[in-house]
file work-v3.txt (compact mmCIF, C-alpha atoms and all ligand atoms)
# COMPACT_ATOMS: atom_id res chain seq x y z
CA MET U 1 62.89 178.94 134.96
CA LEU U 2 64.01 181.26 132.20
CA PRO U 3 61.65 183.77 130.65
CA ASP U 4 60.97 182.98 127.01
CA ALA U 5 63.96 184.29 125.10
CA HIS U 6 62.15 184.41 121.77
CA PRO U 7 58.69 185.95 121.81
CA VAL U 8 56.06 184.01 119.96
CA PRO U 9 56.03 184.88 116.23
CA LYS U 10 53.12 187.01 115.04
CA PRO U 11 51.12 184.52 112.95
CA MET U 12 50.67 182.37 116.03
CA ARG U 13 47.27 182.62 117.67
CA ALA U 14 46.05 184.72 114.76
CA MET U 15 42.68 183.03 114.96
CA ASP U 16 40.31 185.33 116.83
CA LEU U 17 37.73 184.12 119.31
CA PHE U 18 34.78 184.38 116.90
CA THR U 19 36.48 182.39 114.12
CA PHE U 20 37.82 179.88 116.62
CA ASN U 21 34.35 179.18 118.05
CA GLN U 22 32.73 179.04 114.60
CA GLN U 23 35.22 176.42 113.44
CA PHE U 24 34.85 174.61 116.76
CA PHE U 25 31.10 174.31 116.15
CA ASP U 26 31.76 172.87 112.68
CA PHE U 27 34.14 170.38 114.27
CA LEU U 28 31.54 169.34 116.85
CA GLU U 29 28.91 168.80 114.18
CA SER U 30 31.33 166.76 112.06
CA CYS U 31 32.32 164.51 114.95
CA PRO U 32 29.38 162.59 116.44
CA THR U 33 31.60 159.57 117.28
CA PRO U 34 35.32 158.86 117.92
CA PHE U 35 35.55 157.38 114.40
CA HIS U 36 34.44 160.67 112.88
CA THR U 37 36.75 162.66 115.15
CA THR U 38 39.74 160.55 114.17
CA SER U 39 38.99 160.82 110.47
CA PHE U 40 38.28 164.57 110.74
CA ILE U 41 41.63 165.17 112.43
CA ALA U 42 43.45 162.92 109.94
CA LYS U 43 41.89 164.75 106.99
CA ASN U 44 42.84 168.16 108.38
CA LEU U 45 46.39 167.03 109.08
CA GLN U 46 46.73 165.58 105.60
CA GLU U 47 45.53 168.82 104.04
CA ALA U 48 48.17 170.63 106.11
CA GLY U 49 50.93 168.43 104.69
CA PHE U 50 51.14 165.73 107.38
CA THR U 51 51.87 162.21 106.12
CA GLU U 52 49.84 159.18 107.16
CA LEU U 53 51.75 156.29 108.75
CA THR U 54 50.35 152.82 109.27
CA GLU U 55 51.48 150.56 112.08
CA SER U 56 51.85 147.56 109.77
CA GLU U 57 54.63 149.25 107.78
CA ASP U 58 58.13 150.54 108.33
CA TRP U 59 58.42 154.28 109.01
CA GLN U 60 60.84 156.76 107.43
CA ILE U 61 60.70 159.98 109.47
CA SER U 62 62.23 163.27 108.27
CA SER U 63 62.93 166.06 110.72
CA GLY U 64 60.71 169.11 110.36
CA SER U 65 57.88 167.04 108.90
CA GLY U 66 54.48 166.13 110.33
CA TYR U 67 52.97 162.64 110.56
CA TYR U 68 49.91 160.93 111.94
CA CYS U 69 48.88 157.39 112.67
CA CYS U 70 45.40 156.01 113.49
CA ARG U 71 44.54 152.88 115.41
CA ASP U 72 41.26 151.02 115.15
CA ASN U 73 39.67 154.08 113.46
CA GLY U 74 39.08 155.61 116.91
CA SER U 75 42.43 156.89 118.22
CA ILE U 76 45.01 159.07 116.53
CA ILE U 77 48.55 160.18 117.30
CA ALA U 78 49.99 163.10 115.33
CA PHE U 79 53.45 164.53 115.70
CA LYS U 80 55.75 167.03 114.14
CA SER U 81 59.41 167.58 114.80
CA GLY U 82 60.61 171.15 115.11
CA LEU U 83 63.10 172.53 112.62
CA GLU U 84 65.81 172.74 115.24
CA SER U 85 64.95 169.56 117.13
CA ASN U 86 66.97 166.37 117.11
CA MET U 87 66.71 162.87 118.59
CA ASP U 88 67.73 164.23 121.97
CA SER U 89 65.13 167.01 122.09
CA PRO U 90 62.29 166.82 124.60
CA TRP U 91 58.78 165.96 123.46
CA ARG U 92 55.99 168.41 124.13
CA MET U 93 52.98 166.12 124.29
CA ILE U 94 49.26 166.68 124.78
CA GLY U 95 46.66 164.02 125.27
CA SER U 96 42.87 163.99 125.26
CA HIS U 97 40.06 161.54 124.65
CA CYS U 98 37.65 161.59 121.74
CA ASP U 99 34.86 159.35 123.09
CA SER U 100 31.85 160.54 125.07
CA PRO U 101 29.17 158.77 127.11
CA ALA U 102 26.37 157.67 124.80
CA LEU U 103 23.82 155.00 123.90
CA GLN U 104 25.38 152.36 121.66
CA ILE U 105 23.18 150.28 119.35
CA LYS U 106 23.24 146.54 120.06
CA PRO U 107 24.12 143.91 117.40
CA ASN U 108 20.46 142.89 117.37
CA ALA U 109 19.27 146.40 116.83
CA ILE U 110 15.52 146.24 116.35
CA LYS U 111 12.88 145.32 118.91
CA LYS U 112 9.39 144.74 117.55
CA THR U 113 6.66 145.67 120.00
CA SER U 114 2.96 144.94 120.22
CA HIS U 115 2.34 148.70 120.33
CA ALA U 116 2.72 149.50 116.62
CA VAL U 117 6.27 150.79 116.87
CA ASP U 118 9.72 149.32 116.29
CA GLN U 119 12.37 150.33 118.78
CA LEU U 120 16.15 150.40 118.88
CA CYS U 121 18.00 148.19 121.35
CA VAL U 122 20.82 150.11 123.03
CA GLU U 123 23.53 149.62 125.62
CA VAL U 124 24.81 152.37 127.86
CA TYR U 125 28.36 153.41 126.88
CA GLY U 126 30.21 155.03 129.79
CA GLY U 127 28.39 157.11 132.38
CA PRO U 128 25.87 159.42 130.71
CA LEU U 129 23.34 161.52 132.63
CA LEU U 130 20.55 159.31 131.33
CA GLY U 131 17.69 161.70 132.08
CA THR U 132 19.07 164.10 129.47
CA TRP U 133 18.65 161.52 126.68
CA PHE U 134 14.86 161.67 126.83
CA ASP U 135 12.87 163.81 124.36
CA ARG U 136 15.88 164.45 122.14
CA ASP U 137 16.07 164.18 118.36
CA LEU U 138 18.60 161.38 118.17
CA GLY U 139 20.82 160.83 115.17
CA ILE U 140 22.70 157.60 114.45
CA ALA U 141 26.39 157.52 113.53
CA GLY U 142 29.43 155.28 113.81
CA ARG U 143 31.38 152.89 111.62
CA VAL U 144 30.34 149.98 109.43
CA THR U 145 32.49 146.98 108.48
CA LEU U 146 31.58 145.61 105.06
CA LEU U 147 32.60 143.59 102.04
CA ASP U 148 32.51 145.39 98.71
CA ASP U 149 31.72 143.74 95.40
CA THR U 150 35.40 142.89 94.84
CA GLY U 151 35.53 140.98 98.11
CA GLN U 152 37.55 143.67 99.90
CA LEU U 153 37.00 144.15 103.63
CA LEU U 154 36.39 147.85 104.32
CA VAL U 155 35.52 150.08 107.27
CA HIS U 156 33.55 153.28 106.64
CA THR U 157 32.17 155.96 108.91
CA ILE U 158 28.46 156.57 108.64
CA ASP U 159 26.24 159.43 109.84
CA PHE U 160 22.55 159.79 109.04
CA LYS U 161 22.82 163.52 109.92
CA ARG U 162 19.14 163.75 110.82
CA PRO U 163 16.89 162.69 113.67
CA MET U 164 16.36 158.91 113.45
CA ALA U 165 14.96 158.03 116.88
CA ILE U 166 13.59 159.45 120.12
CA ILE U 167 13.06 158.28 123.72
CA PRO U 168 9.85 159.99 124.86
CA SER U 169 9.44 160.68 128.56
CA LEU U 170 6.50 159.24 130.42
CA ALA U 171 3.83 161.96 130.76
CA ILE U 172 3.65 163.63 134.19
CA HIS U 173 0.00 162.48 134.47
CA LEU U 174 1.20 158.87 134.49
CA ASP U 175 4.14 159.49 136.81
CA LYS U 176 3.06 161.84 139.60
CA THR U 177 6.44 161.64 141.36
CA ALA U 178 8.47 162.28 138.22
CA ASN U 179 9.83 165.60 139.51
CA LYS U 180 10.77 164.09 142.85
CA ASP U 181 12.06 160.60 142.42
CA HIS U 182 12.64 159.39 138.92
CA THR U 183 14.61 156.17 138.60
CA ILE U 184 15.67 155.18 135.11
CA GLU U 185 15.87 151.43 134.60
CA LYS U 186 18.47 150.97 131.88
CA GLN U 187 17.13 147.70 130.51
CA LYS U 188 13.50 148.82 130.48
CA HIS U 189 13.29 152.56 129.84
CA LEU U 190 15.92 153.28 127.22
CA TYR U 191 14.50 151.85 123.98
CA PRO U 192 14.34 154.72 121.46
CA LEU U 193 11.36 154.74 119.07
CA LEU U 194 12.62 154.09 115.55
CA CYS U 195 9.57 153.79 113.31
CA GLN U 196 5.97 152.76 112.95
CA SER U 197 5.70 148.97 112.72
CA HIS U 198 4.95 147.41 109.38
CA ASP U 199 4.30 143.86 108.36
CA ASN U 200 7.77 143.70 106.90
CA ASN U 201 10.69 144.07 109.21
CA LEU U 202 13.00 146.98 108.62
CA PRO U 203 16.41 145.41 109.18
CA ILE U 204 19.05 147.80 110.48
CA LYS U 205 21.42 146.59 107.77
CA GLU U 206 18.97 147.75 105.11
CA LEU U 207 19.04 151.23 106.63
CA LEU U 208 22.84 151.17 106.70
CA PHE U 209 23.02 149.88 103.14
CA ARG U 210 20.93 152.79 101.88
CA GLN U 211 22.91 155.34 103.89
CA LEU U 212 26.23 153.98 102.62
CA GLU U 213 24.94 154.35 99.05
CA ASP U 214 24.10 158.00 99.76
CA GLN U 215 27.39 158.79 101.44
CA TYR U 216 29.78 156.83 99.20
CA THR U 217 28.53 156.96 95.63
CA SER U 218 31.35 154.85 94.21
CA LEU U 219 31.07 152.17 96.90
CA ALA U 220 29.45 148.87 95.88
CA THR U 221 28.55 147.21 99.17
CA LYS U 222 28.07 143.48 98.86
CA LYS U 223 27.55 142.59 102.49
CA ILE U 224 27.48 144.46 105.81
CA LEU U 225 29.32 142.39 108.39
CA GLY U 226 28.93 144.56 111.47
CA TYR U 227 28.79 148.03 112.96
CA ASP U 228 29.66 150.20 115.96
CA LEU U 229 26.82 152.71 116.04
CA PHE U 230 25.86 155.34 118.59
CA CYS U 231 22.89 157.61 119.12
CA TYR U 232 23.72 161.30 119.39
CA ASP U 233 21.87 164.58 119.82
CA THR U 234 21.28 166.29 116.47
CA GLN U 235 20.74 169.72 118.06
CA LYS U 236 23.41 172.10 116.82
CA PRO U 237 25.95 173.72 119.15
CA ALA U 238 24.90 177.21 120.24
CA LEU U 239 26.19 180.36 121.89
CA ILE U 240 23.92 181.09 124.85
CA GLY U 241 22.99 184.34 126.60
CA PRO U 242 22.52 188.01 125.65
CA ASN U 243 26.29 188.38 125.51
CA SER U 244 26.96 184.89 124.09
CA ASP U 245 28.87 184.02 127.24
CA PHE U 246 28.27 180.27 127.11
CA ILE U 247 28.55 177.39 124.67
CA ALA U 248 26.01 174.57 124.82
CA ALA U 249 26.70 171.43 122.79
CA GLY U 250 27.02 167.68 122.94
CA ARG U 251 30.38 165.96 123.55
CA LEU U 252 32.19 169.09 124.81
CA ASP U 253 33.89 166.53 127.08
CA ASN U 254 36.28 166.06 125.45
CA LEU U 255 36.07 167.34 121.91
CA VAL U 256 37.10 170.78 123.21
CA SER U 257 40.54 169.38 123.97
CA CYS U 258 40.80 167.39 120.71
CA TYR U 259 39.98 170.51 118.71
CA VAL U 260 42.44 172.68 120.68
CA GLY U 261 45.15 170.05 120.18
CA LEU U 262 44.54 169.83 116.43
CA LYS U 263 44.56 173.60 115.93
CA ALA U 264 47.71 174.05 118.02
CA LEU U 265 49.58 171.33 116.11
CA LEU U 266 48.72 173.04 112.84
CA GLU U 267 50.49 176.22 113.93
CA ASP U 268 53.81 177.09 112.33
CA TYR U 269 57.02 177.67 114.26
CA LEU U 270 56.99 174.47 116.29
CA VAL U 271 60.29 174.25 118.15
CA ASP U 272 60.77 170.84 119.77
CA ASN U 273 59.06 167.59 118.90
CA CYS U 274 55.32 168.07 119.45
CA LEU U 275 52.76 165.30 119.75
CA LEU U 276 48.98 165.07 119.99
CA LEU U 277 47.14 161.97 121.23
CA CYS U 278 43.35 161.68 120.92
CA SER U 279 42.33 158.44 122.52
CA ASN U 280 39.19 156.33 122.33
CA HIS U 281 37.57 154.43 125.22
CA GLU U 282 38.55 156.79 128.06
CA GLU U 283 34.95 156.90 129.26
CA ILE U 284 34.99 153.14 129.82
CA GLY U 285 38.42 152.91 131.47
CA SER U 286 40.85 153.08 128.52
CA SER U 287 41.50 149.31 128.40
CA SER U 288 41.24 148.38 124.75
CA VAL U 289 43.33 148.06 121.61
CA ALA U 290 42.95 151.80 120.98
CA GLY U 291 42.57 153.03 124.56
CA ALA U 292 45.25 154.80 126.58
CA GLN U 293 45.87 151.69 128.71
CA GLY U 294 46.88 149.92 125.51
CA ASN U 295 50.27 150.24 123.88
CA PHE U 296 49.51 152.72 121.07
CA LEU U 297 51.50 155.67 122.43
CA GLN U 298 54.34 153.50 123.72
CA THR U 299 54.81 151.72 120.40
CA VAL U 300 54.76 154.98 118.44
CA LEU U 301 57.38 156.52 120.75
CA ALA U 302 59.43 153.31 120.59
CA ARG U 303 59.60 153.64 116.80
CA LEU U 304 60.66 157.29 117.06
CA LEU U 305 63.14 156.62 119.86
CA PRO U 306 64.25 153.00 119.33
CA ASP U 307 67.23 153.32 121.66
CA VAL U 308 65.79 152.64 125.14
CA PRO U 309 68.34 154.61 127.21
CA LEU U 310 67.88 157.57 124.83
CA LYS U 311 64.11 157.26 125.11
CA ASN U 312 64.32 157.25 128.89
CA ARG U 313 66.51 160.38 128.86
CA VAL U 314 64.18 162.16 126.47
CA MET U 315 61.04 161.24 128.44
CA ASN U 316 62.70 162.51 131.60
CA LYS U 317 62.94 166.01 130.16
CA SER U 318 59.62 165.92 128.26
CA LEU U 319 56.15 167.00 129.38
CA PHE U 320 52.67 165.51 128.89
CA ILE U 321 49.71 167.87 129.22
CA SER U 322 46.59 165.80 129.74
CA MET U 323 43.60 167.88 128.63
CA ASP U 324 40.13 166.92 129.78
CA ASN U 325 37.20 169.08 130.86
CA SER U 326 36.87 170.04 134.52
CA HIS U 327 33.88 170.92 136.69
CA ALA U 328 33.03 174.60 137.03
CA VAL U 329 31.02 175.53 140.10
CA HIS U 330 27.31 175.06 139.46
CA PRO U 331 25.59 178.10 141.01
CA ASN U 332 22.53 176.02 141.98
CA PHE U 333 24.61 173.33 143.67
CA ALA U 334 27.65 175.17 145.02
CA GLU U 335 27.66 173.03 148.19
CA ARG U 336 28.63 169.99 146.09
CA HIS U 337 32.04 171.50 145.44
CA ASP U 338 35.12 171.97 147.55
CA THR U 339 35.00 175.09 149.68
CA GLN U 340 38.08 176.70 148.22
CA PRO U 341 37.95 179.22 145.36
CA LEU U 342 35.85 177.41 142.83
CA PRO U 343 36.49 177.13 139.09
CA LEU U 344 34.36 179.66 137.21
CA LEU U 345 33.25 179.70 133.60
CA ASN U 346 35.23 182.08 131.37
CA HIS U 347 38.01 182.40 133.97
CA GLY U 348 40.53 180.24 132.15
CA PRO U 349 41.60 176.60 132.06
CA VAL U 350 41.67 174.61 135.27
CA ILE U 351 44.65 172.74 136.73
CA LYS U 352 43.28 169.58 138.38
CA TYR U 353 44.79 168.17 141.55
CA ASN U 354 44.15 164.96 143.45
CA SER U 355 46.37 163.68 146.24
CA ASN U 356 45.62 160.08 145.24
CA GLN U 357 46.88 160.79 141.74
CA ARG U 358 43.57 160.32 140.00
CA TYR U 359 44.96 163.40 138.27
CA ALA U 360 48.69 163.27 137.54
CA THR U 361 49.34 166.89 138.52
CA THR U 362 51.98 167.74 141.12
CA SER U 363 53.31 171.16 142.07
CA ARG U 364 56.30 170.38 139.87
CA SER U 365 54.35 169.29 136.79
CA ALA U 366 51.87 172.17 137.16
CA ALA U 367 54.63 174.78 137.14
CA PRO U 368 55.39 174.70 133.38
CA TYR U 369 51.70 175.10 132.58
CA GLN U 370 51.38 178.03 134.98
CA ILE U 371 54.31 179.69 133.23
CA LEU U 372 52.70 179.14 129.82
CA CYS U 373 49.49 180.78 131.10
CA ASP U 374 51.32 183.72 132.64
CA GLU U 375 53.29 184.36 129.47
CA THR U 376 50.18 184.29 127.27
CA GLY U 377 48.14 186.42 129.68
CA VAL U 378 45.65 183.59 130.21
CA PRO U 379 44.32 183.14 133.76
CA HIS U 380 44.32 179.67 135.29
CA GLN U 381 42.28 178.13 138.09
CA SER U 382 42.58 175.03 140.23
CA PHE U 383 40.18 172.19 140.99
CA VAL U 384 40.14 169.73 143.88
CA MET U 385 37.25 167.31 144.41
CA ASN U 386 35.04 167.61 147.47
CA ASN U 387 36.52 165.11 149.97
CA ASP U 388 33.17 163.34 150.34
CA MET U 389 32.93 162.53 146.65
CA ARG U 390 34.78 160.15 144.41
CA CYS U 391 37.20 161.91 142.09
CA GLY U 392 37.11 161.14 138.36
CA SER U 393 40.27 160.46 136.40
CA THR U 394 41.83 161.04 132.99
CA ILE U 395 44.46 159.54 130.71
CA GLY U 396 47.03 161.70 132.56
CA PRO U 397 47.98 159.15 135.24
CA ILE U 398 48.18 156.44 132.55
CA ALA U 399 50.66 158.49 130.51
CA ALA U 400 52.70 159.37 133.59
CA THR U 401 52.86 155.70 134.64
CA SER U 402 53.62 154.15 131.28
CA LEU U 403 56.12 156.74 130.00
CA GLY U 404 57.68 158.02 133.20
CA VAL U 405 56.98 161.54 131.98
CA GLN U 406 56.06 164.61 134.01
CA THR U 407 52.32 165.07 133.49
CA VAL U 408 49.85 167.81 134.35
CA ASP U 409 46.06 167.46 134.16
CA ILE U 410 44.20 170.51 132.92
CA GLY U 411 40.92 171.28 131.17
CA VAL U 412 38.29 173.87 130.44
CA PRO U 413 35.73 174.41 133.23
CA SER U 414 32.32 173.08 132.26
CA LEU U 415 28.84 172.34 133.60
CA ALA U 416 26.57 169.33 133.12
CA MET U 417 29.45 166.99 132.36
CA HIS U 418 28.15 163.79 130.72
CA SER U 419 24.80 165.38 129.88
CA ILE U 420 23.73 164.94 126.26
CA ARG U 421 24.23 168.73 126.08
CA GLU U 422 27.02 170.23 128.15
CA THR U 423 27.90 173.86 128.88
CA THR U 424 31.17 175.73 128.96
CA GLY U 425 32.26 179.36 128.80
CA SER U 426 32.58 180.77 125.29
CA SER U 427 36.09 182.11 126.01
CA ASP U 428 37.63 179.14 127.81
CA PRO U 429 38.38 176.91 124.78
CA HIS U 430 40.12 179.81 123.04
CA MET U 431 42.17 180.51 126.18
CA LEU U 432 43.25 176.87 126.31
CA TYR U 433 44.17 177.08 122.62
CA GLN U 434 46.39 180.09 123.29
CA THR U 435 48.32 178.34 126.04
CA ILE U 436 48.81 175.15 123.98
CA CYS U 437 50.01 177.15 120.97
CA HIS U 438 52.54 178.80 123.25
CA TYR U 439 53.53 175.39 124.65
CA PHE U 440 54.31 174.16 121.14
CA THR U 441 56.14 177.29 120.01
CA ARG U 442 57.99 178.58 123.09
CA SER U 443 61.73 178.55 122.50
CA GLN U 444 62.36 176.27 125.49
CA LEU U 445 60.16 173.88 127.39
CA PRO U 446 59.98 175.24 130.95
CA GLN U 447 61.03 172.28 133.09
CA ALA U 448 62.47 171.98 136.58
CA GLY U 449 65.74 170.05 136.85
CA ASN U 450 65.87 166.73 138.69
ZN ZN I 501 36.55 163.65 129.80

call {"tool": "encode", "arguments": {"input": "work-v3.txt", "output": "structure tokens"}}
result
Amino acid sequence: MLPDAHPVPKPMRAMDLFTFNQQFFDFLESCPTPFHTTSFIAKNLQEAGFTELTESEDWQISSGSGYYCCRDNGSIIAFKSGLESNMDSPWRMIGSHCDSPALQIKPNAIKKTSHAVDQLCVEVYGGPLLGTWFDRDLGIAGRVTLLDDTGQLLVHTIDFKRPMAIIPSLAIHLDKTANKDHTIEKQKHLYPLLCQSHDNNLPIKELLFRQLEDQYTSLATKKILGYDLFCYDTQKPALIGPNSDFIAAGRLDNLVSCYVGLKALLEDYLVDNCLLLCSNHEEIGSSSVAGAQGNFLQTVLARLLPDVPLKNRVMNKSLFISMDNSHAVHPNFAERHDTQPLPLLNHGPVIKYNSNQRYATTSRSAAPYQILCDETGVPHQSFVMNNDMRCGSTIGPIAATSLGVQTVDIGVPSLAMHSIRETTGSSDPHMLYQTICHYFTRSQLPQAGN
């Protein structure tokens, strides 16, 4: 490996920790669902001069320019070719997911009860820590498919931006074993309270109609055809502790990585071809039109590298950094972790290993990332799952398998993964950002030969 011949230019990583975290909090509040995350990223890229591409049209790509493409409103791929790059240059890719475990509202949304309240009917999306969804001020957000008054079929994001529902716990007096053994029955216990019952039904579409009118003043909605709506916690992200050492917020898994990827791609001085993927449906296995098991990334790369032998050569010398949050050691449950040095909050991003390739990392694919950390002065840690527990996975192995590209799985250490409110160190996201900026701007991609 060669040391970086050209030090990183000064404007890079100019964003200090305070500004970075402030903007990260704004991002988190703007992105209650994957649809909002995708449109937030697209808007920011467009403002930075990136051009939108649609999959139904032919693409004309100019070198040195930035582009982005969305699929199904919930996944986005953005890329920018470096000024000195050409068709043969390696691709420096990063991938993350933009969905989070949640409660999704069913098509028949309202349940009338004989107890003077109307409730929401929800399904469990992914694997949330369900106990954390009780006694929270739940907002409602997602996308709505509609016909406008000209007969045009449209899809719009929607966010009520205020508490709309709540799932109250059962009082301790009525559940004496609540602190010992508390089983949550998904079909029975998870109906959020929506409103006091009235003689007239309050159809969900009426609520959506009104909200669309508020959000889109020039929109004339004729008919709402359907929706993909989720409940989310309306509590704002916060810095925690006398020294603000921790961040507590919803959806840190994996909006941390989406935000880092966006900010890094907006840096100047990109060298090779750089690409960001934010993928929907990771929490439910990635098999969907927009998920990483689908063909979104492959078809985009096939358009950029239509010659298959050339594409194979380029992928062979490219790198995919799969970014997804990792488990930090929980001080109250340290025995649940592996016995080796355990990932700590505020001690830098974690490189994740699994011998069964639930993470795509190998010693070879981890090496470039270690070099990037060393050169930016960012510490890195490693994570291996306790042998007695089932290891999670990421989109990393999917990318490695489908593209034949060297892939490393990394992520910021965090606590309470899949809680409605997760915790991470307040310095870790910024450290990850620094290493990814360096990845995109280093004069050469550090890669081992075959
Ligand atoms: Zn994740």

call {"tool": "residues_near_ligand", "arguments": {"input": "work-v3.txt", "ligand": "ligand ZN 501 (chain I)", "cutoff": "8 Å", "atoms": "all atoms listed in the file", "output": "NGL selection string"}}
result
:U and (96-97 or 100 or 253-254 or 282-283 or 324-326 or 394)

call {"tool": "closest_atom_pairs", "arguments": {"input": "work-v3.txt", "of": "segment 87-191 of chain U", "to": "segment 195-206 of chain U", "cutoff": "7 Å", "atoms": "all atoms listed in the file", "output": "CSV"}}
result
residue,atom,partner,partner_atom,distance
U:Ala109,CA,U:Ile204,CA,6.5
U:Ala116,CA,U:Ser197,CA,4.9
U:Val117,CA,U:Gln196,CA,4.4
U:Asp118,CA,U:Cys195,CA,5.4

call {"tool": "closest_residue", "arguments": {"input": "work-v3.txt", "among": "U:Asn332, U:Asn243, U:Ser257, U:Gln293", "to": "Val412 of chain U", "atoms": "all atoms listed in the file"}}
result
U:Ser257

call {"tool": "closest_atom_pairs", "arguments": {"input": "work-v3.txt", "of": "segment 296-364 of chain U", "to": "segment 376-388 of chain U", "cutoff": "6 Å", "atoms": "only C-alpha atoms", "output": "Markdown table"}}
result
| residue | atom | partner | partner_atom | distance |
| --- | --- | --- | --- | --- |
| U:His337 | CA | U:Asn386 | CA | 5.3 |
| U:Asp338 | CA | U:Asn386 | CA | 4.4 |
| U:Pro343 | CA | U:Gln381 | CA | 6.0 |
| U:Gly348 | CA | U:His380 | CA | 5.0 |
| U:Pro349 | CA | U:His380 | CA | 5.2 |
| U:Val350 | CA | U:Gln381 | CA | 4.6 |
| U:Ile351 | CA | U:Ser382 | CA | 4.7 |
| U:Lys352 | CA | U:Phe383 | CA | 4.8 |
| U:Tyr353 | CA | U:Val384 | CA | 5.4 |

call {"tool": "closest_residue", "arguments": {"input": "work-v3.txt", "among": "U:Asp409, U:Glu185, U:Asp228, U:Asp245", "to": "Gln104 of chain U", "atoms": "all atoms listed in the file"}}
result
U:Asp228

call {"tool": "atom_distance", "arguments": {"input": "work-v3.txt", "atom1": "atom CA of Leu403 of chain U", "atom2": "atom CA of Leu310 of chain U"}}
result
12.9 Å

call {"tool": "residues_around", "arguments": {"input": "work-v3.txt", "residues": "Val314 of chain U", "least_positions_apart": "4", "cutoff": "8 Å", "atoms": "all atoms listed in the file", "output": "ChimeraX atom specification"}}
result
/U:88-91,310,318

call {"tool": "residues_near_point", "arguments": {"input": "work-v3.txt", "point": "(57.1, 168.1, 128.2)", "cutoff": "8 Å", "atoms": "only C-alpha atoms", "output": "compact mmCIF listing (two decimals) with C-alpha atoms, keeping the file's coordinate frame"}}
result
# COMPACT_ATOMS: atom_id res chain seq x y z
CA PRO U 90 62.29 166.82 124.60
CA TRP U 91 58.78 165.96 123.46
CA ARG U 92 55.99 168.41 124.13
CA MET U 93 52.98 166.12 124.29
CA MET U 315 61.04 161.24 128.44
CA LYS U 317 62.94 166.01 130.16
CA SER U 318 59.62 165.92 128.26
CA LEU U 319 56.15 167.00 129.38
CA PHE U 320 52.67 165.51 128.89
CA ILE U 321 49.71 167.87 129.22
CA VAL U 405 56.98 161.54 131.98
CA GLN U 406 56.06 164.61 134.01
CA THR U 407 52.32 165.07 133.49
CA LEU U 445 60.16 173.88 127.39
CA GLN U 447 61.03 172.28 133.09

call {"tool": "closest_residue", "arguments": {"input": "work-v3.txt", "among": "U:Ile76, U:Leu297, U:Leu146, U:Tyr191", "to": "Thr113 of chain U", "atoms": "all atoms listed in the file"}}
result
U:Tyr191

call {"tool": "closest_residue", "arguments": {"input": "work-v3.txt", "among": "U:Gly294, U:Val300, U:Cys31, U:Pro341", "to": "Trp59 of chain U", "atoms": "all atoms listed in the file"}}
result
U:Val300

call {"tool": "closest_residue", "arguments": {"input": "work-v3.txt", "among": "U:Ser169, U:Ile398, U:Leu208, U:Gly285", "to": "Tyr359 of chain U", "atoms": "only C-alpha atoms"}}
result
U:Ile398

call {"tool": "closest_residue", "arguments": {"input": "work-v3.txt", "among": "U:Ala78, U:Cys373, U:Leu170, U:Leu207", "to": "Met431 of chain U", "atoms": "only C-alpha atoms"}}
result
U:Cys373

call {"tool": "decode", "arguments": {"input": "work-v3.txt", "residues": "segment 337-344 of chain U", "atoms": "N, CA, C and O atoms", "output": "mmCIF file, in the first residue's frame"}}
result
data_model
loop_
_atom_site.group_PDB
_atom_site.id
_atom_site.type_symbol
_atom_site.label_atom_id
_atom_site.label_comp_id
_atom_site.auth_asym_id
_atom_site.auth_seq_id
_atom_site.Cartn_x
_atom_site.Cartn_y
_atom_site.Cartn_z
ATOM 1 N N HIS U 337 -21.952 -9.939 25.203
ATOM 2 C CA HIS U 337 -21.044 -9.683 24.083
ATOM 3 C C HIS U 337 -19.928 -10.716 24.047
ATOM 4 O O HIS U 337 -19.745 -11.501 24.971
ATOM 5 N N ASP U 338 -19.177 -10.684 22.960
ATOM 6 C CA ASP U 338 -17.978 -11.492 22.862
ATOM 7 C C ASP U 338 -17.008 -11.040 23.958
ATOM 8 O O ASP U 338 -17.134 -9.940 24.494
ATOM 9 N N THR U 339 -16.053 -11.881 24.282
ATOM 10 C CA THR U 339 -15.173 -11.552 25.408
ATOM 11 C C THR U 339 -13.982 -10.685 25.011
ATOM 12 O O THR U 339 -13.264 -10.194 25.876
ATOM 13 N N GLN U 340 -13.792 -10.527 23.732
ATOM 14 C CA GLN U 340 -12.639 -9.770 23.265
ATOM 15 C C GLN U 340 -12.859 -8.276 23.485
ATOM 16 O O GLN U 340 -13.962 -7.867 23.844
ATOM 17 N N PRO U 341 -11.850 -7.452 23.245
ATOM 18 C CA PRO U 341 -12.070 -6.003 23.417
ATOM 19 C C PRO U 341 -13.363 -5.582 22.738
ATOM 20 O O PRO U 341 -13.597 -5.882 21.571
ATOM 21 N N LEU U 342 -14.194 -4.924 23.506
ATOM 22 C CA LEU U 342 -15.556 -4.674 23.051
ATOM 23 C C LEU U 342 -15.691 -3.269 22.476
ATOM 24 O O LEU U 342 -15.062 -2.332 22.972
ATOM 25 N N PRO U 343 -16.507 -3.115 21.438
ATOM 26 C CA PRO U 343 -16.695 -1.776 20.867
ATOM 27 C C PRO U 343 -17.257 -0.813 21.901
ATOM 28 O O PRO U 343 -18.203 -1.132 22.620
ATOM 29 N N LEU U 344 -16.660 0.364 21.975
ATOM 30 C CA LEU U 344 -17.049 1.385 22.959
ATOM 31 C C LEU U 344 -17.599 2.599 22.236
ATOM 32 O O LEU U 344 -17.164 2.920 21.121
#
